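The structure file structure-v7.txt is reproduced below (compact mmCIF, C-alpha atoms).
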# COMPACT_ATOMS: atom_id res chain seq x y z
CA MET A 806 -27.08 -27.16 -8.02
CA SER A 807 -24.18 -27.72 -10.41
CA THR A 808 -23.92 -30.22 -13.24
CA LYS A 809 -20.80 -32.09 -14.33
CA VAL A 810 -20.04 -33.20 -17.85
CA GLU A 811 -17.18 -35.49 -18.91
CA GLU A 812 -16.48 -36.52 -22.48
CA SER A 813 -13.49 -38.00 -24.36
CA ILE A 814 -12.55 -38.55 -28.00
CA GLN A 815 -9.57 -39.92 -29.90
CA VAL A 816 -8.18 -37.85 -32.75
CA ASP A 817 -5.67 -39.08 -35.29
CA VAL A 818 -3.04 -36.37 -34.98
CA PRO A 819 0.05 -36.09 -32.78
CA VAL A 820 -0.54 -34.79 -29.27
CA SER A 821 1.31 -31.56 -30.01
CA THR A 822 -0.97 -30.86 -33.00
CA ALA A 823 -4.15 -31.45 -31.01
CA TYR A 824 -2.88 -29.33 -28.13
CA ASN A 825 -1.69 -26.47 -30.33
CA GLN A 826 -5.06 -26.20 -32.04
CA TRP A 827 -6.87 -26.03 -28.69
CA THR A 828 -4.75 -23.04 -27.65
CA GLN A 829 -6.35 -21.04 -30.48
CA PHE A 830 -9.29 -19.95 -28.36
CA GLU A 831 -10.66 -17.45 -30.85
CA ASP A 832 -11.14 -20.35 -33.34
CA PHE A 833 -13.53 -22.15 -30.98
CA PRO A 834 -16.67 -20.94 -32.83
CA HIS A 835 -15.50 -23.08 -35.79
CA PHE A 836 -16.24 -26.32 -33.94
CA MET A 837 -18.15 -25.41 -30.76
CA GLY A 838 -21.89 -25.21 -31.34
CA GLY A 839 -23.56 -22.27 -29.64
CA VAL A 840 -20.30 -20.36 -29.08
CA LYS A 841 -20.63 -17.09 -30.97
CA GLU A 842 -17.45 -15.25 -29.95
CA VAL A 843 -14.30 -15.76 -27.90
CA HIS A 844 -11.99 -12.81 -27.32
CA GLN A 845 -8.59 -13.33 -25.78
CA HIS A 846 -7.17 -10.54 -23.58
CA GLY A 847 -3.60 -11.46 -22.79
CA ASP A 848 -2.37 -14.95 -22.02
CA GLN A 849 -4.80 -15.66 -19.18
CA ARG A 850 -8.05 -13.77 -19.88
CA LEU A 851 -10.96 -14.77 -22.13
CA HIS A 852 -14.38 -13.30 -22.84
CA TRP A 853 -17.06 -15.69 -24.10
CA VAL A 854 -20.38 -15.06 -25.85
CA ALA A 855 -22.60 -18.13 -26.37
CA GLU A 856 -26.18 -19.06 -27.08
CA ILE A 857 -27.40 -22.42 -25.86
CA ALA A 858 -31.03 -23.56 -25.98
CA GLY A 859 -32.04 -20.08 -27.09
CA VAL A 860 -30.41 -18.39 -24.08
CA ARG A 861 -27.60 -15.90 -24.72
CA ARG A 862 -24.88 -15.97 -22.10
CA GLU A 863 -21.63 -14.07 -21.59
CA TRP A 864 -18.84 -14.64 -19.14
CA ASP A 865 -15.21 -13.87 -18.42
CA ALA A 866 -12.81 -16.72 -17.73
CA ALA A 867 -9.26 -17.03 -16.47
CA ILE A 868 -6.72 -19.67 -17.45
CA LEU A 869 -5.64 -21.18 -14.12
CA GLU A 870 -3.12 -23.68 -15.47
CA GLN A 871 -1.66 -24.44 -18.88
CA VAL A 872 1.00 -27.09 -19.53
CA PRO A 873 2.04 -27.69 -23.16
CA ASP A 874 0.81 -31.01 -24.64
CA GLN A 875 -0.86 -31.91 -21.33
CA LYS A 876 -3.52 -29.63 -19.89
CA ILE A 877 -5.53 -26.39 -19.98
CA ALA A 878 -7.68 -25.49 -16.93
CA TRP A 879 -10.03 -22.51 -16.57
CA ALA A 880 -12.68 -20.93 -14.34
CA ALA A 881 -15.22 -18.17 -14.89
CA THR A 882 -14.57 -14.90 -13.07
CA ALA A 883 -17.80 -13.10 -14.00
CA GLY A 884 -21.03 -14.00 -15.71
CA ALA A 885 -22.12 -17.61 -16.27
CA THR A 886 -20.67 -19.87 -13.60
CA ASN A 887 -18.55 -22.64 -15.10
CA ALA A 888 -15.10 -24.20 -14.80
CA GLY A 889 -13.22 -27.20 -16.11
CA ALA A 890 -10.17 -28.62 -17.84
CA VAL A 891 -9.16 -30.34 -21.07
CA ARG A 892 -6.34 -32.94 -21.04
CA PHE A 893 -4.31 -34.40 -23.85
CA GLU A 894 -2.99 -37.95 -23.69
CA ALA A 895 -0.75 -39.41 -26.38
CA ALA A 896 -2.18 -42.66 -27.77
CA GLY A 897 0.68 -43.24 -30.19
CA PRO A 898 2.96 -41.23 -32.47
CA ALA A 899 0.01 -39.87 -34.46
CA SER A 900 -2.95 -40.26 -32.13
CA THR A 901 -4.26 -38.33 -29.12
CA ILE A 902 -7.07 -38.81 -26.64
CA VAL A 903 -8.74 -35.55 -25.62
CA HIS A 904 -10.50 -35.57 -22.23
CA LEU A 905 -12.98 -32.76 -21.44
CA SER A 906 -14.29 -32.11 -17.90
CA LEU A 907 -16.83 -29.33 -17.34
CA GLU A 908 -18.94 -28.19 -14.38
CA TYR A 909 -21.54 -25.43 -14.56
CA GLU A 910 -24.57 -24.02 -12.76
CA PRO A 911 -27.76 -23.67 -14.85
CA GLU A 912 -29.78 -20.50 -14.30
CA GLY A 913 -33.44 -19.83 -14.93
CA LEU A 914 -36.24 -22.20 -15.89
CA VAL A 915 -35.07 -22.68 -19.48
CA GLU A 916 -31.54 -23.71 -18.53
CA GLN A 917 -32.72 -25.92 -15.72
CA ALA A 918 -35.11 -27.67 -18.08
CA GLY A 919 -32.35 -28.05 -20.69
CA ASP A 920 -30.03 -29.39 -18.00
CA LYS A 921 -32.51 -32.12 -17.15
CA LEU A 922 -32.62 -33.08 -20.81
CA GLY A 923 -28.81 -33.30 -20.93
CA ILE A 924 -28.48 -30.63 -23.61
CA VAL A 925 -25.08 -29.39 -22.41
CA GLY A 926 -23.69 -32.93 -22.25
CA ARG A 927 -24.82 -33.67 -25.79
CA GLN A 928 -23.43 -30.33 -26.96
CA ALA A 929 -20.01 -31.13 -25.44
CA LYS A 930 -19.92 -34.51 -27.20
CA SER A 931 -20.88 -32.90 -30.52
CA ASP A 932 -18.20 -30.22 -30.09
CA LEU A 933 -15.47 -32.84 -29.63
CA GLN A 934 -16.58 -34.65 -32.78
CA LYS A 935 -16.41 -31.36 -34.72
CA PHE A 936 -12.94 -30.73 -33.31
CA LYS A 937 -11.82 -34.17 -34.49
CA ALA A 938 -13.14 -33.53 -37.98
CA LEU A 939 -11.51 -30.10 -38.13
CA ILE A 940 -8.02 -31.12 -37.05
CA GLU A 941 -7.95 -34.39 -38.99
CA ASP A 942 -9.16 -32.75 -42.21
CA GLU A 943 -6.57 -30.01 -41.98
CA GLY A 944 -3.80 -32.29 -40.71
CA TYR A 945 -2.14 -29.37 -38.94
CA GLU A 946 -2.97 -26.68 -36.43
CA SER A 947 -3.97 -23.14 -37.41
CA GLY A 948 -1.67 -21.70 -34.76
CA ALA A 949 -0.02 -22.47 -31.46
CA TRP A 950 0.87 -20.96 -28.10
CA ARG A 951 3.52 -22.97 -26.28
CA GLY A 952 3.76 -20.92 -23.13
CA SER A 953 3.06 -22.25 -19.65
CA ILE A 954 0.80 -20.86 -16.94
CA GLU A 955 1.54 -22.22 -13.50
CA HIS A 956 1.11 -20.58 -10.11
CA GLY A 957 3.04 -23.04 -7.97
CA VAL A 958 -0.12 -25.01 -7.10
CA SER A 959 -1.75 -27.44 -9.52
CA ALA A 960 -5.30 -26.39 -10.34
CA GLY A 961 -6.34 -30.02 -10.83
CA THR A 962 -9.76 -30.10 -12.45
CA PRO A 963 -11.44 -26.86 -11.34
CA GLY A 964 -15.08 -27.09 -10.34
CA VAL A 965 -17.69 -24.42 -9.78
CA GLU A 966 -16.12 -23.64 -6.41
CA ALA A 967 -13.20 -22.15 -8.37
CA ALA A 968 -15.73 -19.88 -10.10
CA ALA A 969 -17.91 -19.35 -7.05
CA MET A 970 -17.45 -15.58 -7.08
CA SER A 971 -18.93 -15.29 -10.60
CA ARG A 972 -22.29 -16.80 -9.63
CA GLY A 973 -23.86 -16.24 -12.98
CA GLU A 974 -25.04 -13.15 -14.78
CA SER A 975 -27.67 -12.47 -12.12
CA GLY A 976 -25.29 -10.81 -10.19
CA LYS A 977 -22.16 -11.02 -8.23
CA ALA A 978 -18.70 -9.68 -8.88
CA GLY A 979 -16.09 -11.98 -10.32
CA VAL A 980 -12.75 -13.11 -8.94
CA SER A 981 -9.42 -12.97 -10.72
CA ALA A 982 -7.24 -15.96 -11.52
CA LYS A 983 -4.72 -14.67 -8.99
CA SER A 984 -7.39 -14.72 -6.30
CA VAL A 985 -8.32 -18.32 -7.10
CA ILE A 986 -4.71 -19.43 -6.94
CA ALA A 987 -4.13 -17.33 -3.83
CA GLY A 988 -7.00 -19.18 -2.17
CA MET A 989 -5.40 -22.53 -2.96
CA ALA A 990 -2.05 -21.29 -1.65
CA ALA A 991 -3.73 -19.95 1.49
CA VAL A 992 -5.02 -23.45 2.32
CA ALA A 993 -1.49 -24.85 2.06
CA ALA A 994 -0.12 -21.97 4.13
CA ALA A 995 -2.75 -22.55 6.80
CA GLY A 996 -1.70 -26.19 7.08
CA ALA A 997 1.92 -25.16 7.50
CA ALA A 998 0.94 -22.63 10.15
CA VAL A 999 -0.94 -25.30 12.16
CA ALA A 1000 2.09 -27.60 12.05
CA ALA A 1001 4.37 -24.79 13.13
CA SER A 1002 2.08 -23.89 16.03
CA LYS A 1003 2.13 -27.49 17.27
CA ASN A 1004 5.93 -27.54 17.25
CA SER A 1005 6.20 -24.19 18.98
CA SER A 1006 3.72 -25.22 21.71
CA THR A 1007 6.32 -27.62 23.17
CA THR A 1008 8.92 -24.92 23.61
CA GLU A 1009 9.11 -22.95 26.81
CA GLN A 1010 7.40 -19.65 26.58
CA PRO A 1011 9.14 -16.64 28.13
CA GLU A 1012 7.51 -15.26 31.22
CA ALA A 1013 5.45 -12.21 30.68
CA VAL A 1014 6.97 -9.11 32.16
CA THR A 1015 4.59 -7.12 34.29
CA PRO A 1016 5.06 -3.45 33.62
CA ALA A 1017 6.29 -1.43 36.59
CA GLU A 1018 3.70 0.48 38.54
CA ALA A 1019 3.56 4.15 37.80
CA VAL A 1020 5.39 6.23 40.39
CA THR A 1021 3.80 9.47 41.44
CA PRO A 1022 6.43 12.21 41.26
CA ALA A 1023 7.40 13.76 44.60
CA VAL A 1024 6.02 17.19 45.36
CA PRO A 1025 8.91 19.69 45.42
CA VAL A 1026 9.68 20.98 48.94
CA THR A 1027 10.32 24.69 49.36
CA PRO A 1028 13.53 25.17 51.40
CA ALA A 1029 13.00 26.67 54.84
CA VAL A 1030 13.90 30.32 55.35
CA PRO A 1031 17.08 30.45 57.48
CA VAL A 1032 16.39 31.71 60.99
CA THR A 1033 18.69 34.41 62.31
CA PRO A 1034 19.92 33.33 65.76
CA ALA A 1035 18.86 35.59 68.60
CA VAL A 1036 21.52 38.03 69.81
CA PRO A 1037 22.18 37.45 73.49
CA VAL A 1038 21.24 40.48 75.57
CA THR A 1039 23.41 41.36 78.60
CA VAL A 1040 21.41 42.78 81.40
CA VAL A 1041 23.34 45.40 83.39
CA ASP A 1042 22.19 46.19 86.84
CA GLN A 1043 21.51 49.87 87.20
CA PRO A 1044 23.13 51.74 90.15
CA PRO A 1045 21.01 53.52 92.69
CA ALA A 1046 19.60 56.79 91.47
CA ASP A 1047 21.46 58.94 94.07
CA GLU A 1048 24.84 57.86 92.69
CA VAL A 1049 24.26 58.97 89.04
CA ARG A 1050 25.18 62.50 88.04
CA ASP A 1051 24.96 63.62 84.46
CA GLY A 1052 25.69 60.16 83.11
CA VAL A 1053 28.85 59.72 85.24
CA LEU A 1054 29.07 56.81 87.54
CA ILE A 1055 30.94 57.66 90.76
CA GLU A 1056 32.50 54.85 92.65
CA GLU A 1057 33.14 55.58 96.25
CA HIS A 1058 36.45 54.49 97.76
CA ASP A 1059 39.07 55.72 100.12
CA ALA A 1060 42.35 56.75 98.54
CA GLU A 1061 45.35 57.98 100.37
CA GLY A 1062 45.81 61.71 99.88
CA TYR A 1063 42.47 62.07 97.98
CA THR A 1064 39.32 63.63 99.21
CA ALA A 1065 36.19 63.42 97.01
CA PRO A 1066 34.46 66.75 96.61
CA SER A 1067 30.86 67.12 97.39
CA SER A 1068 30.11 67.90 93.74
CA THR A 1069 31.93 67.07 90.50
CA GLU A 1070 30.55 69.93 88.45
CA GLY A 1071 33.23 72.46 87.57
CA VAL A 1072 35.76 71.16 90.13
CA GLU A 1073 39.13 69.62 89.32
CA SER A 1074 41.28 68.43 92.20
CA THR A 1075 44.51 66.52 91.97
CA VAL A 1076 46.76 65.18 94.70
CA ARG A 1077 50.36 64.72 93.71
CA GLY A 1078 53.27 63.61 95.69
CA THR A 1079 56.39 65.71 95.92
CA GLU A 1080 58.44 63.17 93.98
CA ASP A 1081 56.04 62.79 91.01
CA ASN A 1082 57.45 63.43 87.55
CA PRO A 1083 55.13 65.77 85.71
CA MET A 1084 56.00 64.17 82.32
CA ILE A 1085 54.90 60.74 83.36
CA GLY A 1086 51.34 61.37 84.29
CA GLY A 1087 48.93 63.23 86.36
CA GLY A 1088 50.64 66.72 86.15
CA SER A 1089 48.98 69.92 84.91
CA ARG A 1090 49.95 71.54 81.58
Please rewrite the model in this file as structure tokens.
Amino acid sequence: MSTKVEESIQVDVPVSTAYNQWTQFEDFPHFMGGVKEVHQHGDQRLHWVAEIAGVRREWDAAILEQVPDQKIAWAATAGATNAGAVRFEAAGPASTIVHLSLEYEPEGLVEQAGDKLGIVGRQAKSDLQKFKALIEDEGYESGAWRGSIEHGVSAGTPGVEAAAMSRGESGKAGVSAKSVIAGMAAVAAAGAAVAASKNSSTTEQPEAVTPAEAVTPAVPVTPAVPVTPAVPVTVVDQPPADEVRDGVLIEEHDAEGYTAPSSTEGVESTVRGTEDNPMIGGGSR
């Protein structure tokens, strides 16, 4: 179960002076009780080492949002689970109200017991008083970083849900600042997607096209072998056997002036009229 702490204090310096001093994270051990070391790695990464109620804790934190003279918000990404924001409000030309909001998850019996006694709350109040004394005594800041860190979505006042992936030193991997901001952006994108889906539901949807059924390819047909037409056969009647002699067909007839011999073998007989011309036909040579 998480615990929330909120404290405020008015310091008699201009808002820019108060803000500039708070950007010097590595100076925090000068006024924060229990904080042993703070190492800054780039503009958005911090490593903390602290000892509160006899318990040494370490954690990594990411700056989620930083607006000059207005706000610094952070969340742990590994180690002790905590998140919060500090705001600066001008209370006049030379006066500033500093608001601190912190949420954390105590671990172990010692921390849980200290949480019930309000040790962290009292420590936060004491730290603000030390900050007031430091900045008012000096009258000026020891340094300043005037850059801005914004990811398009205001981090608000981060709670332990922004550091949920750290889940203390007992164990789980941390989450980067980009992942935290991406999660916030994803919520906004999801809302836009729902609105878009409602608008698109009123539009006519195109009919689904049913894919054509697969066509089985035709089996190739082997062309038929051409058939040679039958040759017509002429049947010739054969003459009687007694009229065939050595392959010569003899046709019987009566001719004037011609007498058929009884046998054709070795016989030549010609009948010629007296007026026949031997050069025209039928004469002997």
Point-to-point distance in Å for atom CA of Lys876 of chain A and atom CA of Ile954 of chain A
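Atom CA of Lys876 of chain A lies at a distance of 10.2 Å from atom CA of Ile954 of chain A.
If you look at atom CA of Val925 of chain A and atom CA of Ser906 of chain A, they are 12.0 Å away from each other.
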Selection near Glu812 of chain A, 7 Å with only C-alpha atoms, sequence-local residues under 3 positions removed, as a VMD selection string
chain A and resid 904 to 906 930
Between A:Ile868, A:Gly952, A:Lys937, A:Val810, smallest distance to Ser900 of chain A by only C-alpha atoms belongs to A:Lys937
His846 of chain A surroundings by all atoms listed in the file, 12 Å radius, close-in-sequence under 2 positions cut, as a ChimeraX atom specification
/A:830-831,843-844,848-853,865-868
